[in-house]
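Student: mmCIF, C-alpha atoms, saved as input19.cif, coming up:
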data_model
loop_
_atom_site.label_atom_id
_atom_site.label_comp_id
_atom_site.auth_asym_id
_atom_site.auth_seq_id
_atom_site.Cartn_x
_atom_site.Cartn_y
_atom_site.Cartn_z
CA TYR A 1 10.87 21.66 -3.18
CA GLN A 2 14.56 22.57 -3.17
CA SER A 3 16.03 24.06 -6.34
CA GLN A 4 19.25 22.29 -7.26
CA LYS A 5 21.27 21.08 -10.18
CA LYS A 6 19.23 18.72 -12.33
CA ILE A 7 20.19 15.05 -12.10
CA TYR A 8 20.61 13.20 -15.38
CA ALA A 9 20.57 9.55 -14.37
CA LYS A 10 22.23 7.22 -16.85
CA SER A 11 20.36 4.05 -17.77
CA VAL A 12 22.01 0.83 -16.71
CA THR A 13 21.50 -2.88 -17.29
CA GLY A 14 22.20 -5.80 -15.01
CA ARG A 15 20.68 -8.17 -12.50
CA PHE A 16 19.32 -5.49 -10.19
CA ALA A 17 17.98 -3.37 -13.06
CA ASN A 18 16.09 -6.44 -14.28
CA LEU A 19 14.74 -6.99 -10.78
CA ARG A 20 13.57 -3.37 -10.58
CA TRP A 21 11.72 -3.72 -13.88
CA LEU A 22 10.20 -6.99 -12.75
CA MET A 23 8.80 -5.17 -9.72
CA VAL A 24 7.51 -2.40 -11.98
CA PHE A 25 5.58 -4.94 -14.05
CA VAL A 26 4.29 -6.84 -11.01
CA THR A 27 3.16 -3.79 -9.03
CA GLN A 28 1.53 -2.07 -12.00
CA ALA A 29 -0.16 -5.27 -13.20
CA ILE A 30 -1.73 -5.52 -9.75
CA PHE A 31 -2.65 -1.83 -9.52
CA TYR A 32 -3.99 -1.36 -13.04
CA GLY A 33 -5.41 -4.85 -13.48
CA LEU A 34 -7.06 -5.53 -10.12
CA ALA A 35 -9.58 -2.74 -10.61
CA TRP A 36 -10.93 -4.51 -13.72
CA LEU A 37 -11.10 -7.99 -12.19
CA PRO A 38 -14.74 -9.20 -11.90
CA TRP A 39 -15.81 -11.17 -8.84
CA ASN A 40 -19.28 -12.51 -8.03
CA GLY A 41 -20.86 -10.12 -10.52
CA ARG A 42 -19.05 -7.07 -9.17
CA GLN A 43 -15.60 -5.57 -8.93
CA ALA A 44 -13.17 -7.76 -6.97
CA VAL A 45 -11.70 -4.89 -4.96
CA LEU A 46 -13.97 -1.90 -4.39
CA PHE A 47 -14.11 0.62 -1.56
CA ASP A 48 -17.65 1.92 -1.97
CA LEU A 49 -17.64 4.93 0.34
CA GLY A 50 -21.15 6.00 -0.62
CA ALA A 51 -22.67 2.64 0.34
CA ARG A 52 -20.14 2.19 3.18
CA LYS A 53 -19.17 -1.23 1.92
CA PHE A 54 -15.64 -2.40 1.21
CA TYR A 55 -15.30 -5.42 -1.06
CA ILE A 56 -12.08 -7.45 -1.13
CA PHE A 57 -12.76 -10.62 -3.12
CA ASP A 58 -15.15 -12.74 -0.98
CA TRP A 59 -14.87 -10.48 2.05
CA ILE A 60 -17.23 -7.57 2.64
CA PHE A 61 -16.26 -5.08 5.32
CA TRP A 62 -18.35 -2.38 6.97
CA PRO A 63 -17.47 0.73 8.97
CA GLN A 64 -17.87 -1.39 12.11
CA ASP A 65 -14.88 -3.45 10.93
CA VAL A 66 -12.42 -0.60 11.49
CA LEU A 67 -10.47 -3.01 13.73
CA TYR A 68 -9.16 -4.72 10.59
CA LEU A 69 -7.75 -1.41 9.35
CA THR A 70 -5.80 -1.16 12.60
CA PHE A 71 -4.43 -4.67 12.07
CA ILE A 72 -3.45 -3.86 8.48
CA LEU A 73 -1.58 -0.71 9.56
CA ILE A 74 0.26 -2.67 12.26
CA VAL A 75 1.24 -5.41 9.79
CA SER A 76 2.38 -2.81 7.23
CA ALA A 77 4.50 -0.97 9.78
CA TYR A 78 6.18 -4.06 11.18
CA SER A 79 6.72 -5.51 7.71
CA LEU A 80 8.61 -2.33 6.84
CA PHE A 81 10.63 -2.55 10.06
CA PHE A 82 11.35 -6.23 9.45
CA VAL A 83 12.50 -5.76 5.85
CA THR A 84 14.54 -2.67 6.73
CA ALA A 85 16.34 -4.39 9.60
CA ILE A 86 17.43 -7.16 7.23
CA ALA A 87 17.98 -5.44 3.88
CA GLY A 88 17.88 -1.69 4.42
CA ARG A 89 15.79 0.45 2.08
CA VAL A 90 15.04 -2.34 -0.34
CA PHE A 91 11.36 -1.35 -0.36
CA CYS A 92 12.32 2.16 -1.49
CA GLY A 93 14.53 0.83 -4.24
CA TYR A 94 12.11 -1.67 -5.76
CA ALA A 95 8.49 -1.29 -4.66
CA CYS A 96 7.86 2.28 -3.50
CA PRO A 97 5.35 3.99 -5.85
CA GLN A 98 7.67 6.99 -6.14
CA THR A 99 10.50 4.74 -7.35
CA VAL A 100 8.25 2.70 -9.65
CA TYR A 101 6.72 5.70 -11.41
CA THR A 102 10.04 7.50 -11.61
CA GLU A 103 11.45 4.42 -13.34
CA ILE A 104 8.54 4.46 -15.83
CA PHE A 105 8.86 8.20 -16.47
CA MET A 106 12.63 7.96 -16.93
CA TRP A 107 12.11 5.19 -19.49
CA VAL A 108 9.69 7.42 -21.42
CA GLU A 109 12.14 10.31 -21.16
CA GLU A 110 14.94 8.18 -22.59
CA LYS A 111 12.75 7.07 -25.51
CA PHE A 112 12.03 10.68 -26.48
CA GLU A 113 15.27 12.43 -25.55
CA GLY A 114 17.95 9.74 -25.52
CA ASP A 115 20.38 8.67 -22.83
CA ARG A 116 22.17 10.88 -20.32
CA THR A 117 24.54 12.65 -22.69
CA ALA A 118 21.82 13.30 -25.28
CA ARG A 119 19.49 14.74 -22.62
CA ILE A 120 22.16 17.10 -21.34
CA LYS A 121 22.86 18.33 -24.87
CA LEU A 122 19.15 18.71 -25.62
CA ASP A 123 18.57 20.85 -22.51
CA GLN A 124 21.54 23.07 -23.40
CA ALA A 125 20.47 23.45 -27.04
CA PRO A 126 18.38 26.44 -28.17
CA LEU A 127 14.70 25.94 -28.83
CA SER A 128 14.01 24.22 -32.11
CA PHE A 129 11.32 22.09 -33.70
CA ALA A 130 13.23 18.91 -32.80
CA LYS A 131 13.58 20.01 -29.17
CA ALA A 132 9.94 21.11 -28.97
CA TRP A 133 8.46 17.86 -30.25
CA ARG A 134 10.77 15.72 -28.10
CA LYS A 135 9.93 17.69 -24.97
CA GLY A 136 6.26 17.97 -25.91
CA GLY A 137 5.94 14.29 -26.76
CA LYS A 138 7.56 13.32 -23.49
CA HIS A 139 5.20 15.48 -21.44
CA LEU A 140 2.18 14.27 -23.38
CA ALA A 141 3.13 10.67 -22.59
CA TRP A 142 3.70 11.61 -18.94
CA VAL A 143 0.32 13.33 -18.69
CA LEU A 144 -1.46 10.33 -20.24
CA ILE A 145 0.23 7.95 -17.79
CA GLY A 146 -0.66 10.27 -14.91
CA LEU A 147 -4.32 10.55 -15.97
CA TRP A 148 -4.62 6.79 -16.45
CA THR A 149 -3.13 6.32 -12.98
CA GLY A 150 -5.59 8.84 -11.51
CA PHE A 151 -8.47 7.17 -13.31
CA THR A 152 -7.44 3.76 -11.97
CA PHE A 153 -7.06 5.12 -8.44
CA VAL A 154 -10.59 6.57 -8.48
CA GLY A 155 -11.77 3.27 -10.01
CA TYR A 156 -11.18 1.60 -6.64
CA PHE A 157 -13.80 3.91 -5.06
CA THR A 158 -16.26 4.22 -7.95
CA PRO A 159 -16.87 1.01 -9.96
CA ILE A 160 -14.33 1.37 -12.73
CA ARG A 161 -16.63 0.29 -15.55
CA THR A 162 -19.18 2.87 -14.45
CA LEU A 163 -16.40 5.42 -14.13
CA ALA A 164 -15.12 4.62 -17.63
CA HIS A 165 -18.60 5.22 -19.07
CA GLU A 166 -18.84 8.53 -17.18
CA VAL A 167 -15.44 9.66 -18.42
CA LEU A 168 -16.26 8.78 -22.04
CA THR A 169 -19.61 10.60 -21.84
CA GLY A 170 -18.28 13.52 -19.80
CA THR A 171 -20.65 12.89 -16.89
CA THR A 172 -18.20 12.33 -14.02
CA GLY A 173 -19.14 13.95 -10.74
CA PRO A 174 -17.14 16.84 -9.22
CA TRP A 175 -15.29 14.69 -6.72
CA GLU A 176 -14.40 12.00 -9.24
CA THR A 177 -13.16 14.66 -11.67
CA PHE A 178 -11.13 16.36 -8.95
CA TRP A 179 -9.40 13.18 -7.78
CA ILE A 180 -8.61 11.92 -11.28
CA LEU A 181 -6.98 15.26 -12.12
CA PHE A 182 -5.33 15.66 -8.73
CA TYR A 183 -3.85 12.17 -8.63
CA GLY A 184 -2.79 12.46 -12.27
CA PHE A 185 -1.13 15.81 -11.58
CA ALA A 186 0.62 14.41 -8.50
CA THR A 187 1.97 11.46 -10.51
CA TRP A 188 3.16 13.78 -13.31
CA GLY A 189 4.79 16.19 -10.87
CA ASN A 190 6.39 13.70 -8.49
CA ALA A 191 7.74 11.25 -11.07
CA GLY A 192 8.46 13.78 -13.80
CA PHE A 193 9.94 16.72 -11.93
CA MET A 194 10.49 16.23 -8.20
CA ARG A 195 11.84 12.68 -8.36
CA GLU A 196 14.77 12.50 -5.91
CA GLN A 197 13.44 15.55 -4.04
CA VAL A 198 10.54 13.43 -2.77
CA CYS A 199 12.92 10.77 -1.48
CA LYS A 200 15.40 13.22 0.02
CA TYR A 201 13.19 15.91 1.52
CA MET A 202 9.54 14.87 1.59
CA CYS A 203 9.59 11.21 2.59
CA PRO A 204 9.90 10.79 6.39
CA TYR A 205 11.29 7.27 5.95
CA ALA A 206 14.60 8.71 4.73
CA ARG A 207 14.96 10.52 8.05
CA PHE A 208 14.29 7.75 10.54
CA GLN A 209 15.63 4.77 8.59
CA SER A 210 18.92 4.89 10.50
CA ALA A 211 17.06 3.96 13.70
CA MET A 212 16.26 0.57 12.13
CA PHE A 213 19.76 -0.10 10.80
CA ASP A 214 22.51 -1.88 12.66
CA LYS A 215 25.91 -3.23 11.68
CA ASP A 216 24.34 -6.46 10.37
CA THR A 217 21.84 -4.75 8.05
CA LEU A 218 22.44 -5.36 4.36
CA ILE A 219 23.24 -2.04 2.69
CA ILE A 220 24.82 -0.97 -0.59
CA THR A 221 28.46 -0.42 0.25
CA TYR A 222 31.64 0.59 -1.52
CA ASP A 223 34.66 -1.49 -0.43
CA PRO A 224 37.35 1.14 0.22
CA GLU A 225 40.00 -1.41 1.17
CA ARG A 226 39.77 -2.89 -2.29
CA GLY A 227 38.98 0.27 -4.26
CA GLU A 228 41.41 2.83 -2.81
CA PRO A 229 43.38 4.66 -3.93
CA ARG A 230 41.34 5.50 -7.00
CA GLY A 231 42.74 6.41 -10.37
CA SER A 232 42.29 5.98 -14.10
CA ARG A 233 44.40 3.48 -15.98
CA SER A 234 44.39 1.42 -19.15
CA ARG A 235 42.88 -2.04 -19.20
CA LYS A 236 46.31 -3.62 -19.62
CA ALA A 237 47.89 -1.75 -16.71
CA ASP A 238 48.64 -3.52 -13.44
CA PRO A 239 46.92 -1.50 -10.69
CA LYS A 240 49.24 -2.88 -8.01
CA ALA A 241 52.27 -1.71 -9.94
CA LEU A 242 50.70 1.74 -10.17
CA GLY A 243 49.81 1.73 -6.50
CA LEU A 244 46.09 1.90 -7.27
CA GLY A 245 43.01 0.08 -6.07
CA ASP A 246 40.30 -1.38 -8.30
CA CYS A 247 38.27 1.84 -8.53
CA VAL A 248 39.07 3.52 -11.87
CA ASP A 249 37.30 6.73 -10.78
CA CYS A 250 34.94 6.62 -13.78
CA GLU A 251 32.05 7.95 -11.63
CA ILE A 252 29.61 5.54 -13.28
CA CYS A 253 28.17 4.94 -9.81
CA VAL A 254 27.32 8.65 -9.57
CA HIS A 255 25.95 8.92 -13.12
CA VAL A 256 23.47 6.06 -12.71
CA CYS A 257 22.27 7.09 -9.23
CA PRO A 258 18.70 8.49 -9.33
CA THR A 259 19.41 10.67 -6.28
CA GLY A 260 22.84 11.81 -7.51
CA ILE A 261 24.94 10.67 -4.57
CA ASP A 262 28.45 9.22 -4.55
CA ILE A 263 28.20 5.88 -2.76
CA ARG A 264 31.97 5.90 -2.32
CA LYS A 265 31.52 8.51 0.42
CA GLY A 266 29.73 5.94 2.56
CA LEU A 267 26.10 5.31 3.49
CA GLN A 268 23.93 8.41 3.03
CA TYR A 269 20.29 8.93 3.87
CA GLU A 270 19.61 9.86 0.23
CA CYS A 271 20.47 6.31 -0.89
CA ILE A 272 17.23 4.47 -1.75
CA GLY A 273 18.89 1.06 -2.15
CA CYS A 274 18.06 0.66 -5.85
CA ALA A 275 21.46 -0.96 -6.59
CA ALA A 276 21.90 0.89 -9.91
CA CYS A 277 25.46 1.69 -8.78
CA ILE A 278 26.16 -2.03 -8.31
CA ASP A 279 25.10 -2.84 -11.88
CA GLY A 280 27.08 0.09 -13.26
CA CYS A 281 30.24 -0.74 -11.32
CA ASN A 282 30.02 -4.43 -12.22
CA GLN A 283 29.94 -3.51 -15.91
CA VAL A 284 33.13 -1.50 -15.50
CA MET A 285 34.78 -4.29 -13.51
CA ASP A 286 33.91 -6.73 -16.31
CA ARG A 287 35.49 -4.47 -18.92
CA MET A 288 38.61 -4.03 -16.83
CA GLY A 289 38.88 -7.73 -16.05
CA TYR A 290 38.54 -7.19 -12.28
CA PRO A 291 36.32 -9.22 -9.94
CA ARG A 292 32.79 -7.95 -9.44
CA GLY A 293 31.61 -6.62 -6.09
CA LEU A 294 33.59 -3.42 -5.57
CA ILE A 295 30.16 -1.97 -4.78
CA ARG A 296 27.82 -4.61 -3.40
CA TYR A 297 25.12 -5.52 -0.92
CA THR A 298 26.90 -6.30 2.32
CA THR A 299 26.97 -5.30 6.00
CA THR A 300 29.21 -3.07 8.05
CA ASN A 301 30.34 -6.06 10.14
CA ALA A 302 31.01 -8.11 7.01
CA LEU A 303 33.40 -5.46 5.69
CA ALA A 304 35.13 -4.93 9.03
CA LEU A 305 35.41 -8.62 9.96
CA LYS A 306 35.77 -9.94 6.38
CA LEU A 307 32.78 -12.27 6.80
CA ASP A 308 31.74 -14.64 4.03
CA ARG A 309 28.18 -14.96 2.73
CA ALA A 310 27.31 -17.82 5.09
CA ALA A 311 28.37 -15.77 8.12
CA ILE A 312 26.31 -12.81 6.91
CA VAL A 313 23.21 -15.01 6.59
CA ARG A 314 23.73 -16.46 10.08
CA ARG A 315 23.74 -12.98 11.56
CA VAL A 316 20.32 -12.25 10.09
CA LEU A 317 18.57 -14.00 13.00
CA ARG A 318 19.36 -11.40 15.63
CA PRO A 319 17.08 -10.13 18.45
CA ARG A 320 15.37 -7.25 16.65
CA VAL A 321 14.60 -9.41 13.60
CA LEU A 322 13.16 -12.14 15.83
CA VAL A 323 11.00 -9.61 17.68
CA TYR A 324 9.66 -8.15 14.44
CA SER A 325 9.01 -11.68 13.14
CA ALA A 326 7.13 -12.70 16.27
CA ILE A 327 4.92 -9.61 16.18
CA LEU A 328 4.23 -10.04 12.46
CA VAL A 329 3.27 -13.69 12.87
CA ALA A 330 1.08 -12.96 15.90
CA VAL A 331 -0.81 -10.07 14.29
CA THR A 332 -1.23 -11.92 10.98
CA LEU A 333 -2.62 -14.99 12.74
CA ALA A 334 -4.93 -12.74 14.75
CA ILE A 335 -6.28 -11.14 11.55
CA PHE A 336 -7.00 -14.40 9.77
CA GLY A 337 -8.26 -16.06 12.92
CA HIS A 338 -10.68 -13.22 13.54
CA LEU A 339 -11.80 -13.32 9.90
CA ALA A 340 -12.39 -17.06 10.10
CA LEU A 341 -14.45 -16.72 13.29
CA ARG A 342 -16.28 -13.57 12.20
CA ALA A 343 -20.04 -13.85 12.63
CA PRO A 344 -21.82 -14.30 9.30
CA ILE A 345 -24.40 -11.70 10.37
CA LYS A 346 -24.27 -8.42 12.28
CA ALA A 347 -27.00 -6.87 14.39
CA ASP A 348 -27.24 -3.72 16.51
CA VAL A 349 -30.22 -2.70 18.61
CA ILE A 350 -31.16 0.83 19.69
CA ARG A 351 -33.91 1.73 22.16
CA ASP A 352 -36.50 4.15 20.78
CA SER A 353 -37.01 5.74 24.19
CA ALA A 354 -35.68 5.40 27.72
CA LEU A 355 -39.10 4.60 29.21
CA GLY A 356 -41.61 1.82 28.71
CA ARG A 357 -45.35 2.31 28.23
CA GLU A 358 -48.45 0.43 29.32
CA VAL A 359 -50.63 -0.97 26.52
CA GLU A 360 -53.72 -3.14 26.33
CA GLU A 361 -54.32 -5.77 29.03
CA GLY A 362 -51.78 -4.04 31.28
CA MET A 363 -48.78 -5.25 29.29
CA ILE A 364 -45.58 -3.17 29.21
CA GLU A 365 -44.16 -2.32 25.81
CA ASN A 366 -40.73 -1.00 24.79
CA GLY A 367 -39.82 0.11 21.26
CA TYR A 368 -36.53 -0.66 19.53
CA ARG A 369 -34.83 -0.20 16.20
CA LEU A 370 -32.91 -3.25 15.09
CA GLN A 371 -30.24 -2.92 12.40
CA ILE A 372 -29.52 -6.19 10.58
CA ILE A 373 -26.51 -6.46 8.27
CA ASN A 374 -26.34 -9.29 5.77
CA PRO A 375 -22.64 -9.63 4.80
CA THR A 376 -23.28 -12.34 2.22
CA GLU A 377 -23.90 -11.69 -1.46
CA HIS A 378 -27.32 -13.35 -1.62
CA PRO A 379 -30.62 -12.30 0.02
CA ARG A 380 -31.55 -13.85 3.32
CA THR A 381 -34.54 -13.94 5.64
CA PHE A 382 -33.84 -13.56 9.35
CA ARG A 383 -36.00 -14.48 12.33
CA VAL A 384 -35.80 -12.32 15.46
CA THR A 385 -36.63 -13.57 18.98
CA VAL A 386 -36.09 -11.97 22.35
CA GLY A 387 -35.32 -13.39 25.80
CA GLY A 388 -34.24 -12.38 29.26
CA ILE A 389 -37.62 -11.91 31.01
CA ASP A 390 -40.40 -14.41 31.50
CA THR A 391 -43.32 -13.93 29.06
CA ILE A 392 -41.35 -11.44 26.94
CA PHE A 393 -42.23 -11.56 23.26
CA ILE A 394 -42.16 -9.55 20.03
CA ALA A 395 -45.46 -7.95 19.13
CA GLY A 396 -45.83 -7.84 15.38
CA GLU A 397 -43.59 -8.96 12.56
CA SER A 398 -40.50 -10.96 13.56
CA GLN A 399 -39.13 -12.10 10.20
CA PHE A 400 -37.30 -9.75 7.90
CA GLU A 401 -35.65 -10.16 4.51
CA VAL A 402 -32.34 -8.40 3.91
CA GLY A 403 -30.88 -8.06 0.43
CA PRO A 404 -27.39 -9.17 -0.64
CA ALA A 405 -24.66 -7.22 1.17
CA GLY A 406 -27.54 -5.18 2.54
CA VAL A 407 -28.46 -3.30 5.69
CA ARG A 408 -31.99 -3.04 7.03
CA MET A 409 -33.25 -1.03 9.98
CA VAL A 410 -36.53 -2.43 11.34
CA PRO A 411 -38.79 -1.22 14.17
CA ILE A 412 -39.60 -3.82 16.79
CA SER A 413 -42.10 -3.67 19.63
CA VAL A 414 -41.38 -5.90 22.61
CA ARG A 415 -43.93 -6.63 25.31
CA VAL A 416 -44.02 -8.24 28.75
CA LYS A 417 -47.18 -9.49 30.47
CA PRO A 418 -48.23 -7.79 33.73
CA GLY A 419 -46.36 -8.78 36.84
CA HIS A 420 -43.20 -9.91 35.06
CA GLY A 421 -39.86 -8.18 35.07
CA ALA A 422 -38.36 -6.18 37.90
CA PRO A 423 -39.22 -2.49 38.11
CA GLY A 424 -36.58 -0.43 36.34
CA SER A 425 -34.08 -1.66 33.77
CA ASN A 426 -33.91 -5.35 32.84
CA LYS A 427 -31.31 -6.97 30.64
CA VAL A 428 -32.66 -8.60 27.47
CA SER A 429 -31.11 -10.22 24.43
CA PHE A 430 -32.28 -10.24 20.82
CA HIS A 431 -31.45 -13.40 18.92
CA VAL A 432 -31.22 -12.98 15.13
CA GLU A 433 -30.85 -16.12 13.01
CA ALA A 434 -31.18 -17.03 9.35
CA VAL A 435 -34.36 -18.93 8.56
CA ASP A 436 -32.52 -21.29 6.21
CA ASP A 437 -29.56 -21.94 8.55
CA ALA A 438 -29.82 -21.70 12.33
CA ALA A 439 -26.03 -21.70 12.60
CA VAL A 440 -26.00 -18.22 11.03
CA ALA A 441 -27.01 -16.30 14.12
CA VAL A 442 -25.96 -13.47 16.41
CA ASP A 443 -27.15 -11.96 19.70
CA ALA A 444 -27.61 -8.24 20.38
CA ARG A 445 -28.03 -7.09 23.97
CA SER A 446 -30.22 -4.27 25.26
CA THR A 447 -32.43 -3.35 28.19
CA PHE A 448 -36.18 -3.46 28.82
CA PHE A 449 -37.68 -0.83 31.12
CA VAL A 450 -40.56 -1.69 33.45
CA PRO A 451 -42.21 1.37 35.09
CA ARG A 452 -42.04 1.42 38.88
#
Just give me the structure as structure tokens.
Tutor:
Amino acid sequence: YQSQKKIYAKSVTGRFANLRWLMVFVTQAIFYGLAWLPWNGRQAVLFDLGARKFYIFDWIFWPQDVLYLTFILIVSAYSLFFVTAIAGRVFCGYACPQTVYTEIFMWVEEKFEGDRTARIKLDQAPLSFAKAWRKGGKHLAWVLIGLWTGFTFVGYFTPIRTLAHEVLTGTTGPWETFWILFYGFATWGNAGFMREQVCKYMCPYARFQSAMFDKDTLIITYDPERGEPRGSRSRKADPKALGLGDCVDCEICVHVCPTGIDIRKGLQYECIGCAACIDGCNQVMDRMGYPRGLIRYTTTNALALKLDRAAIVRRVLRPRVLVYSAILVAVTLAIFGHLALRAPIKADVIRDSALGREVEEGMIENGYRLQIINPTEHPRTFRVTVGGIDTIFIAGESQFEVGPAGVRMVPISVRVKPGHGAPGSNKVSFHVEAVDDAAVAVDARSTFFVPR
């Protein structure tokens, strides 16, 4: 954390401010609401680490499905690359949790302390009852938002209705208590105090974003050809007669910036692409009677070559964007294709020992442990058969019931009649199928040892 002059961002209205608040509502409705959504008698999205089951609507994932996590990380990374190549740090400006919660906390701050000028005066004023209750009320609201956020976060790992009962009765476990408080504290600290410091110094994306930019990437840009030279003037004055550009040097673009930069100095890594400076500048241009767009979303090539909007759009389909698109489409199709073809049952077999043993009537017996996973949400009975050697069969029980979204480890004894099977290791296959539907089946391979 770097100590620096505190930034008092001025609130602003406009098209991009409305879009930012729309994203706040959408993202928080999903985050806070999804944890409470019921689905098939359970929570719709639940990562049950204790039971090692991960529920996402109708899908149930197990630790063996770690491949899907790899796919999700690849899709997330290339989505970020794809969006950044086209529109710069638009994710940072509208959907990043740091931006979203900072926007919420700044709104609360404004309700208690007023707009930019009022906040500056309040901080400079001596301690008083009015200052104490405004500051105290603001921090109380921040802490409540942070704790609710921490509670919701933990609610994705512990069923949230169970967690709510534990919180109300004071019976939460040590880890649940720790993560609620930790995540709440992190939200309070990051969005309430650190704010732009996270974006400027802690987030690695700010450092390597330039590697994904090119001269056809949409960025927030000040038009110096139109704006320079700067200077104040009355609304009725003719800027051309005064030898001035359209920029009235009001610094509204600096006052509304959450990271405190001056966009007129060019693209800076601190810029998160929130477009607050565009809304602020457009308001000033409207008051002055000048055309909007002195600060706008455009590209370096568009400014240099004076390209119109149609030309900018045509340049979107360039090699790097096409490569990102192709990879995204391929990986996404692979994920859904694999999900569609995923076996409706899982089975793993483990040998109890490396050697076989001779039992009654000279038969050879090998012991196994068969793990059957039922990924559906209703109980099922499975029949187990074995093949690979003539006369091989299962001695004992061969049908097993597995509960909904359940795992069952069962011992199985497999025998071969005398004179069958080659001495040493023989390949065998266990076939597990649902009694009520033969199409729900899977094979698990192993070996059968015949003593020499």
Student: Since I can't run it myself right now, could you work out what the PyMOL selection byres ((chain A and resi 335-345) around 7) selects here and report it as a compact mmCIF listing (two decimals) with C-alpha atoms, keeping the file's coordinate frame?
Tutor:
# COMPACT_ATOMS: atom_id res chain seq x y z
CA PHE A 71 -4.43 -4.67 12.07
CA VAL A 331 -0.81 -10.07 14.29
CA THR A 332 -1.23 -11.92 10.98
CA LEU A 333 -2.62 -14.99 12.74
CA ALA A 334 -4.93 -12.74 14.75
CA LYS A 346 -24.27 -8.42 12.28
CA ALA A 347 -27.00 -6.87 14.39
CA ILE A 373 -26.51 -6.46 8.27
CA ASN A 374 -26.34 -9.29 5.77
CA PRO A 375 -22.64 -9.63 4.80
CA VAL A 440 -26.00 -18.22 11.03
CA ALA A 441 -27.01 -16.30 14.12
CA VAL A 442 -25.96 -13.47 16.41
Student: Residues at most 10 Å from Tyr297 (chain A), counting all atoms listed in the file, excluding those fewer than 4 positions away in the same chain, as number ranges by chain?
Tutor: A: 87-88, 217-222, 273, 275, 278, 293
Student: Do a neighbour search on region 313-316 of chain A at 12 Å with all atoms listed in the file, toss out local chain neighbours closer than 6 positions, and write the hits as a list of chain:residue names.
Tutor: A:Phe82, A:Val83, A:Thr84, A:Ala85, A:Ile86, A:Ala87, A:Asp214, A:Lys215, A:Asp216, A:Thr217, A:Leu218, A:Thr298, A:Thr299, A:Thr300, A:Asn301, A:Ala302, A:Leu307, A:Leu322, A:Ser325
Student: How far is it from CA of Trp142 (chain A) to CA of Val108 (chain A), in Å with one decimal?
Tutor: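 Computing the Euclidean distance for CA of Trp142 (chain A) and CA of Val108 (chain A) yields 7.7 Å.
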Student: At a cut-off of 9 Å, using only C-alpha atoms, what residues contact Ile392 (chain A)? Leave out same-chain residues fewer than 5 positions from it and give the result as a list of chain:residue names.
Tutor: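 Non-adjacent residues within range: A:Val386, A:Gly387, A:Val414, A:Arg415, A:Val416, A:Lys417, A:His420, A:Gly421.
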Student: With distances taken over only C-alpha atoms, which of A:Pro451, A:Pro126, A:Gly227, A:Gly184 is nearest to Gly150 (chain A)?
Tutor: A:Gly184
Student: Which residues, named as in the file, does the PyMOL selection byres ((chain A and resi 61) around 12) pick out? Answer as a ChimeraX atom specification.
Tutor: /A:45-49,51-60,62-69,339,342,344-346,373-376,405-406
Student: Please, what distance in Å, to one decimal, runs between CA of Cys281 (chain A) and CA of Asp246 (chain A)?
Tutor: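 These two atoms are separated by 10.5 Å.
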Student: Go ahead and fit an axis-aligned box to every listed atom of region 355-370 of chain A plus 3 Å each side, and pass me the centre and edge lengths in Å, one decimal, as lines of an AutoDock Vina configuration file.
Tutor:
center_x = -43.6
center_y = -0.6
center_z = 23.2
size_x = 27.4
size_y = 16.4
size_z = 22.2
Student: Restricting the calculation to all atoms listed in the file, which member of A:Gln197, A:Glu401, A:Thr391, A:Thr385 is positioned closest to Phe430 (chain A)?
Tutor: A:Thr385
Student: Applied to this file, what does the PyMOL selection byres ((chain A and resi 350) around 12) return in terms of residues, put as an NGL selection string?
Tutor: :A and (347-349 or 351-354 or 366-372 or 409-413 or 430 or 444-448)
Student: Write out, as a PDB file, in the frame of the given file, the residues just selected, with C-alpha atoms.
Tutor:
ATOM      1  CA  ALA A 347     -27.000  -6.870  14.390  1.00  0.00           C
ATOM      2  CA  ASP A 348     -27.240  -3.720  16.510  1.00  0.00           C
ATOM      3  CA  VAL A 349     -30.220  -2.700  18.610  1.00  0.00           C
ATOM      4  CA  ARG A 351     -33.910   1.730  22.160  1.00  0.00           C
ATOM      5  CA  ASP A 352     -36.500   4.150  20.780  1.00  0.00           C
ATOM      6  CA  SER A 353     -37.010   5.740  24.190  1.00  0.00           C
ATOM      7  CA  ALA A 354     -35.680   5.400  27.720  1.00  0.00           C
ATOM      8  CA  ASN A 366     -40.730  -1.000  24.790  1.00  0.00           C
ATOM      9  CA  GLY A 367     -39.820   0.110  21.260  1.00  0.00           C
ATOM     10  CA  TYR A 368     -36.530  -0.660  19.530  1.00  0.00           C
ATOM     11  CA  ARG A 369     -34.830  -0.200  16.200  1.00  0.00           C
ATOM     12  CA  LEU A 370     -32.910  -3.250  15.090  1.00  0.00           C
ATOM     13  CA  GLN A 371     -30.240  -2.920  12.400  1.00  0.00           C
ATOM     14  CA  ILE A 372     -29.520  -6.190  10.580  1.00  0.00           C
ATOM     15  CA  MET A 409     -33.250  -1.030   9.980  1.00  0.00           C
ATOM     16  CA  VAL A 410     -36.530  -2.430  11.340  1.00  0.00           C
ATOM     17  CA  PRO A 411     -38.790  -1.220  14.170  1.00  0.00           C
ATOM     18  CA  ILE A 412     -39.600  -3.820  16.790  1.00  0.00           C
ATOM     19  CA  SER A 413     -42.100  -3.670  19.630  1.00  0.00           C
ATOM     20  CA  PHE A 430     -32.280 -10.240  20.820  1.00  0.00           C
ATOM     21  CA  ALA A 444     -27.610  -8.240  20.380  1.00  0.00           C
ATOM     22  CA  ARG A 445     -28.030  -7.090  23.970  1.00  0.00           C
ATOM     23  CA  SER A 446     -30.220  -4.270  25.260  1.00  0.00           C
ATOM     24  CA  THR A 447     -32.430  -3.350  28.190  1.00  0.00           C
ATOM     25  CA  PHE A 448     -36.180  -3.460  28.820  1.00  0.00           C
TER      26      PHE A 448
END
